[in-house]
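Novice: One file: data.tsv (TSV, C-alpha atoms).
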```tsv
chain	number	residue	atom	x	y	z
B	1	MET	CA	43.19	5.09	-48.38
B	2	LYS	CA	44.13	3.32	-51.60
B	3	GLN	CA	42.62	4.97	-54.67
B	4	TYR	CA	42.75	5.09	-58.44
B	5	VAL	CA	42.55	8.76	-59.42
B	6	VAL	CA	41.85	10.42	-62.74
B	7	ASP	CA	42.46	14.14	-62.47
B	8	GLN	CA	42.53	17.18	-64.73
B	9	LEU	CA	39.08	16.40	-66.11
B	10	ARG	CA	37.66	19.27	-68.12
B	11	LEU	CA	34.25	20.56	-67.07
B	12	ALA	CA	32.56	19.17	-70.20
B	13	ASP	CA	34.18	15.76	-69.62
B	14	GLU	CA	33.19	15.82	-65.97
B	15	ARG	CA	29.55	16.31	-67.00
B	16	ARG	CA	29.76	13.41	-69.44
B	17	VAL	CA	31.31	11.18	-66.77
B	18	ARG	CA	28.54	12.14	-64.32
B	19	GLU	CA	25.84	11.31	-66.89
B	20	PHE	CA	27.52	7.97	-67.66
B	21	LEU	CA	27.82	7.04	-63.98
B	22	GLU	CA	24.19	8.00	-63.31
B	23	ARG	CA	23.00	5.84	-66.22
B	24	ARG	CA	25.11	2.87	-65.15
B	25	TYR	CA	24.91	3.03	-61.33
B	26	GLY	CA	21.94	5.28	-60.56
B	27	PRO	CA	21.86	8.62	-58.78
B	28	PRO	CA	24.83	9.46	-56.57
B	29	ALA	CA	24.73	9.20	-52.80
B	30	LEU	CA	25.61	12.37	-50.91
B	31	GLY	CA	25.71	14.25	-54.21
B	32	ALA	CA	28.98	12.87	-55.51
B	33	ILE	CA	29.43	9.20	-54.50
B	34	PHE	CA	28.53	6.45	-56.96
B	35	TRP	CA	28.42	2.84	-55.76
B	36	VAL	CA	29.87	0.23	-58.12
B	37	PRO	CA	28.60	-3.25	-57.25
B	38	LEU	CA	31.06	-6.08	-57.74
B	39	GLU	CA	30.05	-9.01	-59.89
B	40	ALA	CA	29.43	-12.20	-57.90
B	41	GLY	CA	32.36	-13.98	-59.55
B	42	LEU	CA	34.75	-11.35	-58.22
B	43	LEU	CA	33.78	-11.66	-54.57
B	44	SER	CA	36.19	-13.29	-52.14
B	45	PRO	CA	34.98	-16.49	-50.45
B	46	LEU	CA	34.25	-14.47	-47.29
B	47	GLN	CA	32.31	-11.80	-49.21
B	48	SER	CA	30.33	-14.51	-51.02
B	49	ALA	CA	29.49	-16.19	-47.72
B	50	HIS	CA	28.30	-12.92	-46.17
B	51	ARG	CA	25.02	-12.70	-48.06
B	52	GLU	CA	23.58	-10.37	-45.42
B	53	CYS	CA	26.32	-7.84	-46.26
B	54	GLN	CA	25.71	-7.84	-50.01
B	55	PRO	CA	25.92	-6.01	-52.29
B	56	HIS	CA	29.64	-5.41	-51.96
B	57	CYS	CA	30.65	-2.21	-53.70
B	58	ALA	CA	33.44	0.20	-54.40
B	59	ALA	CA	32.89	3.95	-54.27
B	60	ILE	CA	33.57	6.43	-57.05
B	61	GLU	CA	33.71	10.06	-55.99
B	62	LEU	CA	33.32	12.66	-58.70
B	63	GLU	CA	34.68	16.04	-57.68
B	64	SER	CA	35.50	19.17	-59.61
B	65	GLY	CA	37.99	18.07	-62.26
B	66	ARG	CA	38.68	14.71	-60.62
B	67	LEU	CA	37.38	11.17	-60.31
B	68	SER	CA	38.53	8.94	-57.44
B	69	LEU	CA	37.88	5.21	-57.25
B	70	GLU	CA	38.27	3.98	-53.70
B	71	LEU	CA	39.84	0.53	-53.62
B	72	LEU	CA	38.09	-0.53	-50.43
B	73	ILE	CA	35.31	-3.04	-51.02
B	74	ARG	CA	32.45	-2.13	-48.72
B	75	SER	CA	29.14	-3.59	-47.71
B	76	ARG	CA	26.12	-1.42	-48.48
B	77	GLN	CA	24.40	-2.99	-45.44
B	78	ARG	CA	26.99	-2.67	-42.65
B	79	LEU	CA	29.73	-0.26	-41.67
B	80	ARG	CA	31.94	-2.87	-40.00
B	81	CYS	CA	32.41	-6.49	-40.91
B	82	SER	CA	35.28	-8.85	-41.62
B	83	CYS	CA	34.18	-9.01	-45.28
B	84	ILE	CA	35.04	-5.34	-45.82
B	85	ALA	CA	38.58	-5.23	-47.19
B	86	TYR	CA	40.83	-3.67	-49.77
B	87	ALA	CA	40.21	-4.98	-53.26
B	88	SER	CA	41.95	-8.18	-54.26
B	89	ARG	CA	44.14	-8.09	-57.35
B	90	ALA	CA	41.26	-9.39	-59.51
B	91	GLN	CA	38.79	-6.90	-58.02
B	92	ARG	CA	41.26	-4.04	-58.44
B	93	GLU	CA	41.97	-4.94	-62.07
B	94	TRP	CA	38.25	-5.20	-62.84
B	95	LEU	CA	37.43	-1.87	-61.17
B	96	ILE	CA	40.26	0.00	-62.89
B	97	GLY	CA	39.27	-1.66	-66.15
B	98	GLU	CA	35.72	-0.35	-65.69
B	99	ILE	CA	37.01	3.22	-65.27
B	100	ASP	CA	39.38	2.92	-68.22
B	101	ALA	CA	36.62	1.45	-70.42
B	102	MET	CA	34.30	4.32	-69.46
B	103	LEU	CA	36.92	6.91	-70.40
B	104	GLU	CA	37.55	5.13	-73.68
B	105	GLU	CA	33.83	4.90	-74.47
B	106	LEU	CA	33.43	8.61	-73.73
B	107	THR	CA	36.62	9.38	-75.74
B	108	ILE	CA	38.14	11.21	-72.79
B	109	SER	CA	41.91	11.25	-72.80
B	110	VAL	CA	43.84	12.14	-69.67
```
How does this structure look as structure tokens?

Specialist:
Amino acid sequence: MKQYVVDQLRLADERRVREFLERRYGPPALGAIFWVPLEAGLLSPLQSAHRECQPHCAAIELESGRLSLELLIRSRQRLRCSCIAYASRAQREWLIGEIDAMLEELTISV
């Protein structure tokens, strides 16, 4: 699995990240998974055409001392579909930018 990982988070920083993610994306699924919906302009033509599969999201998993951004763009409606794929360059850059902006806003250096 392709991921963007931020590790060695201190406990206090981990709490702040969790609070930020809950405010921005709502409560986590399965206790530690946050779903990040992609903006419509970032969707591939296939993802845009698959309205029944939207929203398309990436998963952030917050574990003890570690945040992992999965770079697989998933459908929240289906487990298997041709529109589920690894993030394009633009999607990847946007997602990583979102994580980096969050860390900067929270003044967390890693």

Novice: I'd like to know which of B:Ser64, B:Gln91, B:Ser109, B:Gln54 is closest to Arg78 in chain B, using all atoms listed in the file.

Specialist: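 Going through B:Ser64, B:Gln91, B:Ser109, B:Gln54 one by one, the smallest distance to Arg78 in chain B is for B:Gln54.
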
Novice: Could you tell me which of B:Arg10, B:Arg18, B:Arg89, B:Arg76 comes closest to Ile60 in chain B if we count all atoms listed in the file?

Specialist: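 Under the stated criterion, the closest residue is B:Arg18.
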
Novice: B:Ile33, B:Arg74, B:Phe20, B:Leu67: which is nearest Cys53 in chain B, counting only C-alpha atoms?

Specialist: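 That would be B:Arg74, the residue with the smallest distance to Cys53 in chain B.
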
Novice: For a cutoff of 12 Å around the file-coordinate point (33.9, -13.2, -56.4), which residues qualify once you count only C-alpha atoms? I'd like the result as a PyMOL selection string.

Specialist: chain B and resi 37-50+54-57+73+83+87-92+94

Novice: Find the distance between CA of Asp100 in chain B and CA of Ser82 in chain B and write it in Å to one decimal.

Specialist: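 CA of Ser82 in chain B lies at a distance of 29.4 Å from CA of Asp100 in chain B.
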
Novice: Could you rebuild range 6-34 of chain B with N, CA and C atoms and give it back as a tab-separated table (two decimals), keeping the file's coordinate frame?

Specialist:
```
chain	number	residue	atom	x	y	z
B	6	VAL	N	41.75	9.79	-61.43
B	6	VAL	CA	41.85	10.42	-62.74
B	6	VAL	C	41.60	11.90	-62.49
B	7	ASP	N	42.63	12.71	-62.73
B	7	ASP	CA	42.46	14.14	-62.47
B	7	ASP	C	42.59	14.94	-63.75
B	8	GLN	N	42.47	16.22	-63.62
B	8	GLN	CA	42.53	17.18	-64.73
B	8	GLN	C	41.42	16.93	-65.74
B	9	LEU	N	40.25	16.54	-65.24
B	9	LEU	CA	39.08	16.40	-66.11
B	9	LEU	C	38.55	17.79	-66.45
B	10	ARG	N	38.28	18.00	-67.71
B	10	ARG	CA	37.66	19.27	-68.12
B	10	ARG	C	36.20	19.26	-67.68
B	11	LEU	N	35.63	20.44	-67.54
B	11	LEU	CA	34.25	20.56	-67.07
B	11	LEU	C	33.28	19.78	-67.96
B	12	ALA	N	33.44	19.89	-69.27
B	12	ALA	CA	32.56	19.17	-70.20
B	12	ALA	C	32.72	17.66	-70.02
B	13	ASP	N	33.94	17.19	-69.83
B	13	ASP	CA	34.18	15.76	-69.62
B	13	ASP	C	33.61	15.30	-68.28
B	14	GLU	N	33.74	16.14	-67.28
B	14	GLU	CA	33.19	15.82	-65.97
B	14	GLU	C	31.68	15.61	-66.06
B	15	ARG	N	31.00	16.46	-66.81
B	15	ARG	CA	29.55	16.31	-67.00
B	15	ARG	C	29.22	15.00	-67.69
B	16	ARG	N	29.99	14.65	-68.71
B	16	ARG	CA	29.76	13.41	-69.44
B	16	ARG	C	29.99	12.19	-68.54
B	17	VAL	N	31.03	12.27	-67.72
B	17	VAL	CA	31.31	11.18	-66.77
B	17	VAL	C	30.15	11.05	-65.79
B	18	ARG	N	29.67	12.17	-65.27
B	18	ARG	CA	28.54	12.14	-64.32
B	18	ARG	C	27.31	11.49	-64.97
B	19	GLU	N	27.00	11.89	-66.19
B	19	GLU	CA	25.84	11.31	-66.89
B	19	GLU	C	26.02	9.80	-67.08
B	20	PHE	N	27.22	9.39	-67.46
B	20	PHE	CA	27.52	7.97	-67.66
B	20	PHE	C	27.33	7.20	-66.35
B	21	LEU	N	27.91	7.72	-65.27
B	21	LEU	CA	27.82	7.04	-63.98
B	21	LEU	C	26.37	6.96	-63.50
B	22	GLU	N	25.60	8.02	-63.72
B	22	GLU	CA	24.19	8.00	-63.31
B	22	GLU	C	23.40	6.96	-64.11
B	23	ARG	N	23.68	6.85	-65.40
B	23	ARG	CA	23.00	5.84	-66.22
B	23	ARG	C	23.37	4.43	-65.76
B	24	ARG	N	24.63	4.21	-65.48
B	24	ARG	CA	25.11	2.87	-65.15
B	24	ARG	C	24.80	2.47	-63.71
B	25	TYR	N	24.98	3.39	-62.75
B	25	TYR	CA	24.91	3.03	-61.33
B	25	TYR	C	23.79	3.73	-60.56
B	26	GLY	N	23.02	4.57	-61.23
B	26	GLY	CA	21.94	5.28	-60.56
B	26	GLY	C	22.42	6.59	-59.96
B	27	PRO	N	21.50	7.31	-59.33
B	27	PRO	CA	21.86	8.62	-58.78
B	27	PRO	C	22.93	8.50	-57.69
B	28	PRO	N	23.76	9.52	-57.58
B	28	PRO	CA	24.83	9.46	-56.57
B	28	PRO	C	24.30	9.62	-55.15
B	29	ALA	N	25.01	9.02	-54.22
B	29	ALA	CA	24.73	9.20	-52.80
B	29	ALA	C	25.51	10.43	-52.34
B	30	LEU	N	24.94	11.19	-51.46
B	30	LEU	CA	25.61	12.37	-50.91
B	30	LEU	C	26.07	13.33	-52.01
B	31	GLY	N	25.41	13.30	-53.14
B	31	GLY	CA	25.71	14.25	-54.21
B	31	GLY	C	26.85	13.91	-55.13
B	32	ALA	N	27.80	13.09	-54.68
B	32	ALA	CA	28.98	12.87	-55.51
B	32	ALA	C	29.55	11.45	-55.43
B	33	ILE	N	28.92	10.56	-54.68
B	33	ILE	CA	29.43	9.20	-54.50
B	33	ILE	C	28.56	8.22	-55.30
B	34	PHE	N	29.21	7.48	-56.19
B	34	PHE	CA	28.53	6.45	-56.96
B	34	PHE	C	29.01	5.09	-56.45
```
